[in-house]
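Peer 1: Input file: entry.txt. Contents: compact mmCIF, C-alpha atoms and all ligand atoms.
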```txt
# COMPACT_ATOMS: atom_id res chain seq x y z
CA MET Y 1 -44.22 2.41 73.72
CA ASN Y 2 -40.46 2.47 73.20
CA ILE Y 3 -38.44 0.19 75.46
CA LEU Y 4 -34.79 0.22 76.50
CA VAL Y 5 -33.17 -2.98 77.76
CA ILE Y 6 -29.84 -2.69 79.60
CA GLY Y 7 -27.34 -5.54 79.16
CA GLY Y 8 -26.01 -7.76 76.43
CA GLY Y 9 -26.15 -11.44 77.39
CA GLY Y 10 -28.46 -14.42 76.94
CA ARG Y 11 -30.77 -13.10 79.66
CA GLU Y 12 -31.21 -9.81 77.83
CA HIS Y 13 -31.75 -11.62 74.51
CA ALA Y 14 -34.55 -13.63 76.15
CA LEU Y 15 -36.01 -10.43 77.66
CA VAL Y 16 -35.92 -8.60 74.31
CA SER Y 17 -37.55 -11.56 72.45
CA THR Y 18 -40.34 -11.70 75.04
CA LEU Y 19 -40.86 -7.93 75.04
CA ALA Y 20 -40.97 -7.96 71.22
CA LYS Y 21 -44.15 -10.07 71.46
CA SER Y 22 -45.95 -7.40 73.49
CA ARG Y 23 -48.87 -5.62 71.84
CA LYS Y 24 -47.72 -2.45 73.64
CA VAL Y 25 -44.21 -2.23 72.18
CA ALA Y 26 -43.35 0.05 69.25
CA LYS Y 27 -39.55 -0.12 69.26
CA ILE Y 28 -36.92 -1.77 71.44
CA TYR Y 29 -33.42 -0.42 72.04
CA CYS Y 30 -30.74 -2.39 73.84
CA ALA Y 31 -27.53 -1.08 75.43
CA PRO Y 32 -25.13 -2.55 74.50
CA GLY Y 33 -27.01 -5.60 73.16
CA ASN Y 34 -25.34 -8.28 71.02
CA PRO Y 35 -25.54 -9.61 67.44
CA GLY Y 36 -28.55 -11.84 68.28
CA ILE Y 37 -30.45 -8.98 69.90
CA ALA Y 38 -29.59 -6.77 66.90
CA ALA Y 39 -31.98 -8.86 64.78
CA ILE Y 40 -34.99 -7.69 66.83
CA ALA Y 41 -33.88 -4.44 68.50
CA GLU Y 42 -31.63 -1.47 67.81
CA CYS Y 43 -28.40 -1.96 69.73
CA VAL Y 44 -26.74 1.19 71.07
CA ASP Y 45 -23.17 1.37 72.20
CA ILE Y 46 -23.53 3.16 75.55
CA ASP Y 47 -21.51 2.27 78.64
CA ILE Y 48 -24.05 0.69 81.01
CA ALA Y 49 -22.18 2.16 83.98
CA ASP Y 50 -22.97 5.69 82.73
CA ASN Y 51 -26.36 6.59 84.24
CA GLU Y 52 -26.32 10.08 82.81
CA LEU Y 53 -25.73 9.01 79.20
CA LEU Y 54 -28.35 6.25 79.46
CA CYS Y 55 -30.82 8.69 80.95
CA ARG Y 56 -30.23 11.26 78.20
CA PHE Y 57 -30.67 8.53 75.58
CA ALA Y 58 -33.95 7.39 77.18
CA GLN Y 59 -35.25 10.96 77.19
CA GLU Y 60 -34.25 11.54 73.56
CA LYS Y 61 -35.92 8.36 72.36
CA SER Y 62 -39.06 8.79 74.51
CA ILE Y 63 -38.47 5.50 76.29
CA GLY Y 64 -41.58 4.53 78.27
CA LEU Y 65 -39.98 1.63 80.10
CA THR Y 66 -36.37 0.62 80.81
CA VAL Y 67 -35.64 -2.96 81.83
CA VAL Y 68 -32.36 -3.54 83.67
CA GLY Y 69 -30.74 -6.97 83.17
CA PRO Y 70 -27.43 -7.20 85.12
CA GLU Y 71 -26.72 -6.45 88.79
CA ALA Y 72 -23.94 -3.88 88.29
CA PRO Y 73 -26.17 -1.05 86.96
CA LEU Y 74 -28.69 -1.76 89.74
CA MET Y 75 -25.94 -1.45 92.35
CA ASN Y 76 -24.89 1.70 90.50
CA GLY Y 77 -28.32 3.20 91.24
CA ILE Y 78 -29.68 3.33 87.69
CA VAL Y 79 -33.30 2.88 88.81
CA ASP Y 80 -33.00 5.72 91.37
CA PHE Y 81 -31.32 7.94 88.77
CA PHE Y 82 -34.01 7.27 86.15
CA ALA Y 83 -36.83 7.83 88.68
CA ALA Y 84 -35.28 11.15 89.75
CA ASN Y 85 -35.42 12.18 86.08
CA GLY Y 86 -39.04 11.12 85.62
CA LEU Y 87 -38.25 7.87 83.79
CA ARG Y 88 -39.76 4.45 84.52
CA ALA Y 89 -37.26 1.63 85.04
CA PHE Y 90 -37.96 -1.96 86.05
CA GLY Y 91 -35.67 -3.18 88.83
CA PRO Y 92 -34.90 -2.46 92.48
CA THR Y 93 -33.39 0.78 93.76
CA ARG Y 94 -29.76 0.84 94.91
CA ALA Y 95 -30.85 0.35 98.52
CA ALA Y 96 -33.09 -2.61 97.64
CA ALA Y 97 -30.46 -4.22 95.37
CA GLU Y 98 -28.28 -4.55 98.47
CA ILE Y 99 -30.04 -7.88 99.01
CA GLU Y 100 -27.72 -9.20 96.30
CA GLY Y 101 -24.87 -6.71 96.66
CA SER Y 102 -24.05 -7.65 100.23
CA LYS Y 103 -24.40 -11.23 101.44
CA SER Y 104 -24.02 -10.08 105.07
CA PHE Y 105 -26.93 -7.65 104.58
CA ALA Y 106 -29.09 -10.47 103.16
CA LYS Y 107 -28.13 -12.88 105.95
CA ASP Y 108 -28.74 -10.30 108.71
CA LEU Y 109 -32.14 -9.51 107.18
CA MET Y 110 -33.09 -13.19 107.13
CA ARG Y 111 -31.97 -13.65 110.72
CA LYS Y 112 -33.94 -10.59 111.88
CA TYR Y 113 -37.16 -11.69 110.11
CA HIS Y 114 -36.84 -15.45 110.78
CA ILE Y 115 -36.50 -16.46 107.14
CA PRO Y 116 -35.05 -20.00 106.85
CA THR Y 117 -31.41 -20.03 105.72
CA ALA Y 118 -28.07 -21.59 106.72
CA ALA Y 119 -26.61 -20.54 110.08
CA TYR Y 120 -23.72 -18.08 109.58
CA ALA Y 121 -21.24 -15.60 111.00
CA VAL Y 122 -19.52 -12.59 109.39
CA PHE Y 123 -15.81 -11.71 109.82
CA SER Y 124 -13.34 -9.12 108.64
CA SER Y 125 -10.45 -10.50 110.71
CA PRO Y 126 -8.78 -13.59 109.15
CA ASP Y 127 -7.76 -14.93 112.59
CA ALA Y 128 -11.29 -14.77 113.97
CA ALA Y 129 -12.66 -16.31 110.76
CA LYS Y 130 -10.16 -19.19 110.99
CA ASP Y 131 -10.94 -19.80 114.68
CA TYR Y 132 -14.64 -20.04 113.77
CA VAL Y 133 -13.89 -22.57 110.99
CA ARG Y 134 -11.79 -24.69 113.40
CA GLN Y 135 -14.67 -24.62 115.90
CA GLN Y 136 -17.35 -25.52 113.35
CA GLY Y 137 -15.35 -28.04 111.27
CA ALA Y 138 -15.99 -29.03 107.63
CA PRO Y 139 -17.93 -29.14 105.37
CA ILE Y 140 -18.47 -25.40 105.58
CA VAL Y 141 -19.06 -22.59 103.08
CA ILE Y 142 -16.91 -19.45 102.75
CA LYS Y 143 -18.27 -16.46 100.79
CA ALA Y 144 -16.86 -13.05 99.88
CA ASP Y 145 -19.45 -10.54 101.09
CA GLY Y 146 -19.82 -8.44 97.93
CA LEU Y 147 -20.33 -9.07 94.21
CA ALA Y 148 -17.69 -11.43 92.82
CA ALA Y 149 -19.37 -12.68 89.61
CA GLY Y 150 -20.21 -16.02 91.21
CA LYS Y 151 -16.51 -16.72 91.93
CA GLY Y 152 -16.44 -15.63 95.57
CA VAL Y 153 -18.00 -18.78 97.02
CA VAL Y 154 -16.06 -21.84 98.20
CA VAL Y 155 -17.97 -24.90 99.34
CA ALA Y 156 -15.14 -26.36 101.45
CA MET Y 157 -15.30 -30.09 102.08
CA THR Y 158 -12.21 -29.93 104.32
CA GLU Y 159 -11.03 -27.51 107.00
CA ALA Y 160 -7.84 -26.88 105.00
CA GLU Y 161 -9.85 -25.73 101.96
CA ALA Y 162 -11.88 -23.39 104.16
CA LEU Y 163 -8.77 -21.86 105.72
CA ALA Y 164 -7.21 -21.40 102.27
CA ALA Y 165 -10.41 -19.66 101.06
CA ILE Y 166 -10.20 -17.22 103.97
CA ASP Y 167 -6.59 -16.44 103.01
CA THR Y 168 -7.60 -15.86 99.36
CA ILE Y 169 -10.50 -13.55 100.20
CA LEU Y 170 -9.35 -11.66 103.32
CA CYS Y 171 -5.53 -11.76 103.18
CA GLN Y 172 -4.75 -11.77 99.43
CA GLN Y 173 -7.87 -9.67 98.73
CA ALA Y 174 -8.53 -11.62 95.52
CA PHE Y 175 -11.93 -9.89 95.16
CA GLY Y 176 -10.82 -6.43 96.32
CA GLN Y 177 -13.43 -4.53 98.34
CA ALA Y 178 -16.03 -7.26 97.68
CA GLY Y 179 -13.91 -9.45 99.93
CA SER Y 180 -13.35 -7.07 102.84
CA GLN Y 181 -15.65 -9.35 104.85
CA VAL Y 182 -16.41 -13.06 104.62
CA VAL Y 183 -19.70 -14.75 105.40
CA ILE Y 184 -19.12 -18.25 106.77
CA GLU Y 185 -22.13 -20.53 106.44
CA GLU Y 186 -23.32 -23.89 107.64
CA TYR Y 187 -23.20 -26.42 104.77
CA MET Y 188 -26.69 -27.30 103.55
CA GLU Y 189 -27.43 -30.56 101.78
CA GLY Y 190 -30.23 -31.03 99.28
CA GLU Y 191 -31.47 -30.33 95.78
CA GLU Y 192 -31.27 -26.73 94.52
CA ALA Y 193 -33.90 -24.78 92.59
CA SER Y 194 -34.43 -21.18 91.53
CA ILE Y 195 -37.63 -19.21 91.74
CA LEU Y 196 -37.70 -15.87 89.95
CA THR Y 197 -40.43 -13.72 91.43
CA PHE Y 198 -42.16 -10.57 90.24
CA THR Y 199 -42.93 -8.16 93.05
CA ASP Y 200 -44.26 -4.62 93.37
CA GLY Y 201 -42.98 -4.35 96.92
CA TYR Y 202 -46.16 -5.85 98.41
CA THR Y 203 -47.56 -8.63 96.22
CA VAL Y 204 -45.34 -11.54 95.16
CA ARG Y 205 -45.96 -13.51 91.96
CA PRO Y 206 -43.50 -16.38 91.47
CA MET Y 207 -42.63 -17.44 87.94
CA VAL Y 208 -42.40 -21.12 87.06
CA ALA Y 209 -39.60 -22.73 89.12
CA ALA Y 210 -36.36 -23.58 87.33
CA GLN Y 211 -33.23 -25.61 87.94
CA ASP Y 212 -29.87 -24.71 86.52
CA HIS Y 213 -26.71 -26.76 86.08
CA LYS Y 214 -23.70 -24.93 87.47
CA ARG Y 215 -20.89 -27.44 86.88
CA ILE Y 216 -19.09 -27.58 83.56
CA PHE Y 217 -19.28 -31.36 82.97
CA ASP Y 218 -22.04 -33.98 82.79
CA GLY Y 219 -23.03 -35.55 86.08
CA ASP Y 220 -22.37 -32.25 87.90
CA GLU Y 221 -18.60 -32.77 87.70
CA GLY Y 222 -15.82 -30.20 87.35
CA PRO Y 223 -15.62 -26.54 88.31
CA ASN Y 224 -18.55 -24.14 88.73
CA THR Y 225 -19.63 -21.93 85.84
CA GLY Y 226 -22.15 -19.13 85.34
CA GLY Y 227 -24.58 -21.92 84.39
CA MET Y 228 -24.41 -24.57 81.65
CA GLY Y 229 -28.13 -24.99 81.16
CA ALA Y 230 -31.51 -24.87 82.84
CA TYR Y 231 -35.02 -26.17 82.63
CA ALA Y 232 -38.47 -25.17 83.80
CA PRO Y 233 -40.80 -26.02 85.36
CA ALA Y 234 -38.77 -27.89 88.01
CA PRO Y 235 -40.97 -30.72 89.32
CA VAL Y 236 -39.08 -30.70 92.65
CA ILE Y 237 -41.13 -27.57 93.47
CA THR Y 238 -44.58 -29.08 93.96
CA PRO Y 239 -47.60 -26.76 94.36
CA ALA Y 240 -47.65 -27.50 98.12
CA LEU Y 241 -43.94 -26.70 98.42
CA LEU Y 242 -44.43 -23.47 96.47
CA ASP Y 243 -47.13 -22.42 98.97
CA THR Y 244 -44.67 -23.04 101.81
CA ILE Y 245 -41.97 -21.06 100.00
CA ILE Y 246 -44.31 -18.10 99.44
CA GLU Y 247 -45.45 -18.21 103.06
CA THR Y 248 -42.09 -18.69 104.77
CA ILE Y 249 -39.68 -16.94 102.38
CA LEU Y 250 -41.03 -14.81 99.53
CA GLN Y 251 -43.76 -12.82 101.24
CA PRO Y 252 -41.74 -12.36 104.46
CA VAL Y 253 -38.63 -11.11 102.61
CA VAL Y 254 -40.59 -8.59 100.53
CA ASN Y 255 -42.38 -7.39 103.69
CA ALA Y 256 -39.02 -7.24 105.50
CA MET Y 257 -37.50 -5.04 102.79
CA THR Y 258 -40.46 -2.66 103.05
CA SER Y 259 -40.15 -2.59 106.86
CA GLU Y 260 -36.47 -1.71 106.46
CA GLY Y 261 -37.36 1.23 104.18
CA ARG Y 262 -35.99 -0.59 101.12
CA ASN Y 263 -39.26 -1.33 99.28
CA TYR Y 264 -38.27 -3.92 96.65
CA LYS Y 265 -39.79 -3.68 93.16
CA GLY Y 266 -38.61 -5.80 90.30
CA CYS Y 267 -37.57 -9.41 89.81
CA LEU Y 268 -36.32 -11.08 92.96
CA TYR Y 269 -34.34 -14.24 92.30
CA LEU Y 270 -34.52 -16.82 95.06
CA GLY Y 271 -31.86 -19.55 95.12
CA LEU Y 272 -33.18 -22.39 97.25
CA MET Y 273 -31.87 -25.57 98.87
CA MET Y 274 -34.47 -28.24 99.61
CA THR Y 275 -33.06 -29.59 102.87
CA LYS Y 276 -34.47 -32.36 105.07
CA SER Y 277 -35.86 -29.65 107.34
CA GLY Y 278 -37.58 -27.79 104.48
CA PRO Y 279 -36.71 -25.17 101.86
CA LYS Y 280 -33.93 -22.75 102.85
CA VAL Y 281 -32.48 -19.69 101.13
CA VAL Y 282 -29.05 -20.04 99.47
CA GLU Y 283 -29.09 -16.54 98.02
CA PHE Y 284 -31.18 -13.70 96.67
CA ASN Y 285 -30.33 -11.92 93.43
CA ALA Y 286 -31.79 -8.56 92.53
CA ARG Y 287 -32.51 -9.43 88.88
CA PHE Y 288 -33.49 -12.13 86.41
CA GLY Y 289 -31.17 -15.15 86.59
CA ASP Y 290 -29.14 -16.38 83.65
CA PRO Y 291 -29.67 -18.98 82.13
CA GLU Y 292 -32.98 -19.43 84.03
CA THR Y 293 -34.57 -16.49 82.16
CA GLN Y 294 -33.94 -18.38 78.91
CA VAL Y 295 -36.35 -21.13 80.02
CA VAL Y 296 -38.82 -19.18 82.17
CA LEU Y 297 -39.76 -16.32 79.82
CA PRO Y 298 -40.50 -18.59 76.82
CA LEU Y 299 -43.23 -20.14 79.01
CA LEU Y 300 -44.90 -16.81 79.83
CA ALA Y 301 -48.31 -16.40 78.18
CA SER Y 302 -49.10 -12.97 79.66
CA ASP Y 303 -47.86 -9.73 78.11
CA LEU Y 304 -44.51 -9.08 79.83
CA VAL Y 305 -44.88 -5.29 79.56
CA ASP Y 306 -48.16 -5.45 81.53
CA VAL Y 307 -46.43 -7.41 84.29
CA LEU Y 308 -43.37 -5.15 84.47
CA GLU Y 309 -45.55 -2.03 84.59
CA ALA Y 310 -47.72 -3.57 87.33
CA CYS Y 311 -44.53 -4.10 89.40
CA ILE Y 312 -43.56 -0.45 88.98
CA ASP Y 313 -47.08 0.85 89.63
CA GLY Y 314 -47.80 -1.32 92.70
CA SER Y 315 -50.74 -3.03 91.00
CA LEU Y 316 -49.41 -6.58 90.71
CA ASP Y 317 -52.34 -7.95 92.72
CA ASN Y 318 -54.62 -7.01 89.77
CA CYS Y 319 -52.31 -8.43 87.13
CA ASP Y 320 -52.95 -11.84 85.57
CA LEU Y 321 -49.84 -13.95 85.32
CA VAL Y 322 -50.52 -16.82 82.92
CA TRP Y 323 -48.08 -19.57 81.92
CA HIS Y 324 -48.09 -22.05 79.05
CA ASN Y 325 -48.49 -25.56 80.37
CA ARG Y 326 -45.29 -26.69 78.60
CA SER Y 327 -41.63 -27.35 79.40
CA ALA Y 328 -38.51 -25.46 78.36
CA VAL Y 329 -34.93 -26.72 78.32
CA CYS Y 330 -31.87 -24.55 77.62
CA VAL Y 331 -28.46 -25.97 76.71
CA VAL Y 332 -25.56 -23.53 76.99
CA LEU Y 333 -22.83 -23.80 74.34
CA ALA Y 334 -19.56 -22.64 75.88
CA ALA Y 335 -16.17 -21.72 74.41
CA GLY Y 336 -13.26 -24.18 74.63
CA GLY Y 337 -11.41 -23.73 77.93
CA TYR Y 338 -14.36 -22.17 79.79
CA PRO Y 339 -14.69 -21.60 82.78
CA GLY Y 340 -10.91 -21.06 82.74
CA GLU Y 341 -9.07 -19.07 80.08
CA TYR Y 342 -11.20 -19.60 76.96
CA ARG Y 343 -10.96 -19.32 73.17
CA LYS Y 344 -12.33 -16.27 71.35
CA GLY Y 345 -12.89 -15.30 67.73
CA ASP Y 346 -13.93 -18.75 66.43
CA ALA Y 347 -16.48 -18.71 63.57
CA ILE Y 348 -20.00 -19.82 64.57
CA ASN Y 349 -22.14 -21.61 61.99
CA GLY Y 350 -25.54 -23.28 61.86
CA ILE Y 351 -27.74 -20.89 63.87
CA ALA Y 352 -30.37 -20.56 61.11
CA GLU Y 353 -30.47 -24.36 60.83
CA ALA Y 354 -30.86 -24.67 64.63
CA GLU Y 355 -33.79 -22.25 64.53
CA ALA Y 356 -35.31 -24.15 61.59
CA ALA Y 357 -35.04 -27.29 63.74
CA GLY Y 358 -37.26 -25.59 66.35
CA GLY Y 359 -34.67 -24.18 68.77
CA MET Y 360 -34.69 -20.66 70.18
CA VAL Y 361 -31.08 -19.46 70.00
CA PHE Y 362 -30.11 -16.79 72.53
CA HIS Y 363 -26.76 -15.04 72.07
CA ALA Y 364 -24.61 -14.66 75.20
CA GLY Y 365 -21.02 -14.14 74.07
CA THR Y 366 -20.93 -13.48 70.31
CA ALA Y 367 -19.57 -10.72 68.09
CA ASN Y 368 -19.59 -9.82 64.42
CA CYS Y 369 -16.19 -9.85 62.75
CA ASP Y 370 -16.19 -8.74 59.08
CA GLY Y 371 -19.69 -10.13 58.59
CA GLN Y 372 -18.94 -13.45 60.29
CA LEU Y 373 -20.45 -14.32 63.66
CA VAL Y 374 -17.66 -15.33 66.06
CA THR Y 375 -17.32 -16.39 69.69
CA ALA Y 376 -16.62 -13.54 72.13
CA GLY Y 377 -17.40 -14.86 75.61
CA GLY Y 378 -17.21 -17.91 77.88
CA ARG Y 379 -20.84 -18.76 77.44
CA VAL Y 380 -21.47 -18.26 73.73
CA LEU Y 381 -25.08 -19.30 73.04
CA GLY Y 382 -28.12 -20.65 74.91
CA VAL Y 383 -30.28 -23.01 72.86
CA THR Y 384 -33.80 -23.47 74.22
CA GLY Y 385 -36.34 -26.10 73.24
CA VAL Y 386 -39.98 -25.68 74.26
CA ASN Y 387 -42.48 -28.52 74.04
CA ASP Y 388 -45.39 -30.24 75.79
CA THR Y 389 -43.23 -32.53 77.93
CA VAL Y 390 -39.76 -32.18 79.37
CA ALA Y 391 -38.58 -35.17 77.30
CA SER Y 392 -39.71 -33.57 74.04
CA ALA Y 393 -38.26 -30.19 75.06
CA ILE Y 394 -34.90 -31.93 75.71
CA ASN Y 395 -35.12 -33.47 72.22
CA ASN Y 396 -35.91 -30.12 70.61
CA ALA Y 397 -33.03 -28.39 72.37
CA TYR Y 398 -30.45 -31.06 71.50
CA GLN Y 399 -31.67 -31.41 67.87
CA ALA Y 400 -31.08 -27.68 67.50
CA VAL Y 401 -27.70 -27.87 69.27
CA ALA Y 402 -26.57 -30.53 66.77
CA LYS Y 403 -26.87 -27.98 63.95
CA ILE Y 404 -24.45 -25.48 65.52
CA GLN Y 405 -20.69 -25.62 65.20
CA PHE Y 406 -17.74 -23.61 66.40
CA LYS Y 407 -14.17 -24.66 67.20
CA GLY Y 408 -13.78 -25.83 70.81
CA MET Y 409 -17.57 -25.83 71.47
CA GLN Y 410 -18.47 -27.63 74.67
CA TYR Y 411 -21.83 -28.34 76.27
CA ARG Y 412 -23.46 -30.71 78.72
CA THR Y 413 -25.46 -33.64 77.36
CA ASP Y 414 -27.50 -34.20 80.53
CA ILE Y 415 -29.48 -30.95 80.95
CA ALA Y 416 -32.85 -31.60 82.65
CA HIS Y 417 -31.92 -35.19 83.55
CA ARG Y 418 -33.33 -34.68 87.06
CA ALA Y 419 -36.74 -33.62 85.76
CA GLN Y 420 -36.85 -36.63 83.47
CA GLY Y 421 -36.02 -38.97 86.31
CA ARG Y 422 -39.10 -37.93 88.29
P1 LIG B 1 -24.07 -17.21 91.74
O1 LIG B 1 -24.39 -15.76 91.54
O2 LIG B 1 -23.19 -17.81 90.69
O3 LIG B 1 -25.26 -18.06 92.04
P2 LIG B 1 -23.00 -16.43 94.27
O4 LIG B 1 -21.62 -15.93 94.25
O5 LIG B 1 -24.06 -15.45 94.45
O6 LIG B 1 -23.17 -17.31 93.01
P3 LIG B 1 -24.18 -18.40 96.06
O7 LIG B 1 -25.34 -18.59 95.16
O8 LIG B 1 -24.39 -17.92 97.42
O9 LIG B 1 -23.05 -17.51 95.40
O10 LIG B 1 -23.43 -19.80 96.09
C1 LIG B 1 -23.03 -20.47 94.89
C2 LIG B 1 -23.32 -21.95 95.01
O11 LIG B 1 -22.62 -22.49 96.13
C3 LIG B 1 -24.79 -22.29 95.27
O12 LIG B 1 -25.54 -22.38 94.10
C4 LIG B 1 -24.67 -23.62 95.99
O13 LIG B 1 -24.50 -24.68 95.08
C5 LIG B 1 -23.40 -23.47 96.79
N1 LIG B 1 -23.72 -23.02 98.17
C6 LIG B 1 -23.83 -21.75 98.58
N2 LIG B 1 -24.13 -21.70 99.91
C7 LIG B 1 -24.21 -22.98 100.33
C8 LIG B 1 -24.48 -23.59 101.60
N3 LIG B 1 -24.68 -22.88 102.70
N4 LIG B 1 -24.48 -24.94 101.65
C9 LIG B 1 -24.21 -25.68 100.55
N5 LIG B 1 -23.95 -25.17 99.34
C10 LIG B 1 -23.95 -23.83 99.21
```
Take the structure in this file and express it as structure tokens.
Peer 2:
Amino acid sequence: MNILVIGGGGREHALVSTLAKSRKVAKIYCAPGNPGIAAIAECVDIDIADNELLCRFAQEKSIGLTVVGPEAPLMNGIVDFFAANGLRAFGPTRAAAEIEGSKSFAKDLMRKYHIPTAAYAVFSSPDAAKDYVRQQGAPIVIKADGLAAGKGVVVAMTEAEALAAIDTILCQQAFGQAGSQVVIEEYMEGEEASILTFTDGYTVRPMVAAQDHKRIFDGDEGPNTGGMGAYAPAPVITPALLDTIIETILQPVVNAMTSEGRNYKGCLYLGLMMTKSGPKVVEFNARFGDPETQVVLPLLASDLVDVLEACIDGSLDNCDLVWHNRSAVCVVLAAGGYPGEYRKGDAINGIAEAEAAGGMVFHAGTANCDGQLVTAGGRVLGVTGVNDTVASAINNAYQAVAKIQFKGMQYRTDIAHRAQGR
């Protein structure tokens, strides 16, 4: 079968590497892909916002399965468009992707179906929003309703910060339409974890739980990023806790989406907070998480194509999902300056040596410039180590990291410290 993967980051590189292992795959195309993906798939320069062009390409190349990485094409209805043209695509429809695309939709759904999450209210008027903040006090969390690339959330430790966030989102419209409403949430305290889940709209099959590291500096200091590393499995999610999460969150939310006429097929990403009163939802994403995918998929023993097809066909209950009993740790190498204004165009060296040292190197923000690999994004590479224990996986990842150099390179030295401490 020929496969098309949409996207061009570390997540898509991990997806393409895992798909390449499938006994069912003949050829993989990736739009737009990246220089790392180009080593195992044919990269095609098609705008991923252009459903029609992508669809025509898939028809021309007899693509049997399209796998959508990022949220934007999902919100742009690519899965609906492909289905209407007789093509199979893995991911939720436009209506189902709303669970990520609108935080107020997700919160209202959870309230209606009694799924545990932080208490909240939604406002479009700045004055009403500010009155609510003054009533509730700090800490409190202010979120732009729509997609804001992870930048639309302010965890305000003081009332003043919360009021300023309302001004930024509602008055200055810093996120445009995505900030036409704000969701104001109760502050939850606890450890966070992510559970990526396969679902065919009825059956849910969680992947191994992961934890990511959002802050730029060691010790969870400094500003938030897209994610500086991750590890799986996350021991904080015990088997008993996973049963509770399936029973109180995952199965109810998938059933709720079906009841609402938004049958959800694809990968549902659950962001969790383990509070004193049990696991609660921080967010849902309508896709594989990044960098979590870079640690979860290397642990998958089953054929990924079988699993993705079972999600599309509604036969996930008959599909074996088998995991290697190992650990994976991913260290993200970021460009100097990230997550602010960052450097670009710096030569990257040592990837072959890192791979020889046992690391899996996933490209996130790289480009080829006259035959030289250079930096081209905030998060440049994800380096994953896989081994029998978390300690040895940490060693593998950092031994591989030590082989890579580019000007301004920054990374955290404490990825997976929590797992090791347990
Ligand atoms: P991303 O896509 O980067 O995960 P997002 O914009 O979808 O971000 P959320 O995941 O909702 O936003 O929030 C980002 C982070 O803010 C969470 O990972 C969590 O650390 C913190 N956060 C969000 N909501 C709460 C809450 N109610 N209480 C405490 N912390 C929260």
Peer 1: Between Y:Thr384, Y:Thr66, Y:Asn285, Y:Ser315, which is the closest to ligand LIG 1 (chain B) once you count only C-alpha atoms and all ligand atoms?
Peer 2: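 For ligand LIG 1 (chain B), the nearest of the given residues is Y:Asn285.
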Peer 1: For each of Y:Ala174, Y:Ala393, Y:Met110, Y:Ala367, take the minimum atom-to-atom distance to Pro32 in chain Y, counting all atoms listed in the file, then give the residue where this is smallest.
Peer 2: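 For Pro32 in chain Y, the nearest of the candidates is Y:Ala367.
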Peer 1: Taking (-19.3, -29.4, 106.2) in the coordinates of the supplied file, I want to know which residues reach to within 6 Å of it, counting only C-alpha atoms; could you give the answer as a PyMOL selection string?
Peer 2: chain Y and resi 138-140+157+187
Peer 1: Between CA of Thr375 in chain Y and CA of Ala335 in chain Y, what is the distance, to one decimal in Å?
Peer 2: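 Between CA of Thr375 in chain Y and CA of Ala335 in chain Y the gap works out to 7.2 Å.
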Peer 1: Distance CA of Gln177 in chain Y-CA of Lys151 in chain Y, one decimal place?
Peer 2: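 One can read the CA of Gln177 in chain Y to CA of Lys151 in chain Y distance as 14.1 Å.
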Peer 1: Taking all atoms of ligand LIG 1 (chain B) that the file lists and extending 8 Å past them on each side, where is the centre of the axis-aligned box and how long are its edges? Answer in Å to one decimal, as JSON.
Peer 2:
```
{"center_x": -23.6, "center_y": -20.6, "center_z": 96.7, "size_x": 19.9, "size_y": 26.2, "size_z": 28.0}
```
Peer 1: Of the candidates Y:Ile63, Y:Ala156, Y:Leu308, Y:Leu297, which shows the shortest atom-to-atom distance to ligand LIG 1 (chain B), using only C-alpha atoms and all ligand atoms?
Peer 2: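 Counting only C-alpha atoms and all ligand atoms, the residue closest to ligand LIG 1 (chain B) is Y:Ala156.
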Peer 1: Counting only C-alpha atoms, which residues have an atom no more than 9 Å from (-50.8, -19.3, 84.1) in the file's coordinates? Please list them as a PyMOL selection string.
Peer 2: chain Y and resi 300-302+320-325
Peer 1: Report as a PyMOL selection string which protein, DNA and RNA residues come within 8 Å of ligand LIG 1 (chain B), using all atoms listed in the file.
Peer 2: chain Y and resi 100+103+117-119+140-141+143-144+147-155+185-189+192+214+225-227+271+273+282-285
Peer 1: Near Cys369 in chain Y, counting only C-alpha atoms, which residues have an atom at most 9 Å away, once you skip same-chain residues fewer than 4 positions from it, shown as a list in words?
Peer 2: Gly345, Ala347, Leu373 and Val374 of chain Y
Peer 1: Compare Y:Pro298, Y:Ala160, Y:Gly146, Y:Ile169 by their minimum atom-to-atom distance to Met207 in chain Y, counting all atoms listed in the file, and give me the closest one.
Peer 2: Y:Pro298
Peer 1: Ranking Y:Gly350, Y:Gly336, Y:Pro252, Y:Gly190 by minimum distance to Leu109 in chain Y and counting all atoms listed in the file, which one comes first?
Peer 2: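 The answer is Y:Pro252, which sits nearest to Leu109 in chain Y.
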Peer 1: Which of these, Y:Val253, Y:Val296, Y:Ala310, Y:Ala364, has the shortest distance to Asp200 in chain Y once you count all atoms listed in the file?
Peer 2: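 Closest candidate: Y:Ala310.
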Peer 1: Write out as a list of chain:residue names which residues come within 9 Å of Ala72 in chain Y when counting all atoms listed in the file, dropping same-chain ones fewer than 3 positions away.
Peer 2: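 Counting only the stated atoms, we get Y:Ile48, Y:Ala49, Y:Met75, Y:Asn76, Y:Gly77, Y:Gly101, Y:Leu147.
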Peer 1: Could you jot down the CA of Ala400 in chain Y to CA of Phe217 in chain Y separation for me, Å, one decimal place?
Peer 2: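 CA of Ala400 in chain Y sits 19.8 Å away from CA of Phe217 in chain Y.
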Peer 1: Please list as a list in words every residue within 12 Å of Gln251 in chain Y, counting only C-alpha atoms and excluding residues in the same chain fewer than 2 positions away.
Peer 2: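 Surrounding residues, per the criterion: Tyr113, Ile115, Thr197, Phe198, Thr199, Asp200, Gly201, Tyr202, Thr203, Val204, Arg205, Pro206, Leu242, Asp243, Thr244, Ile245, Ile246, Glu247, Thr248, Ile249, Val253, Val254, Asn255, Ala256, Met257, Thr258, Tyr264, Leu268 and Leu270 of chain Y.
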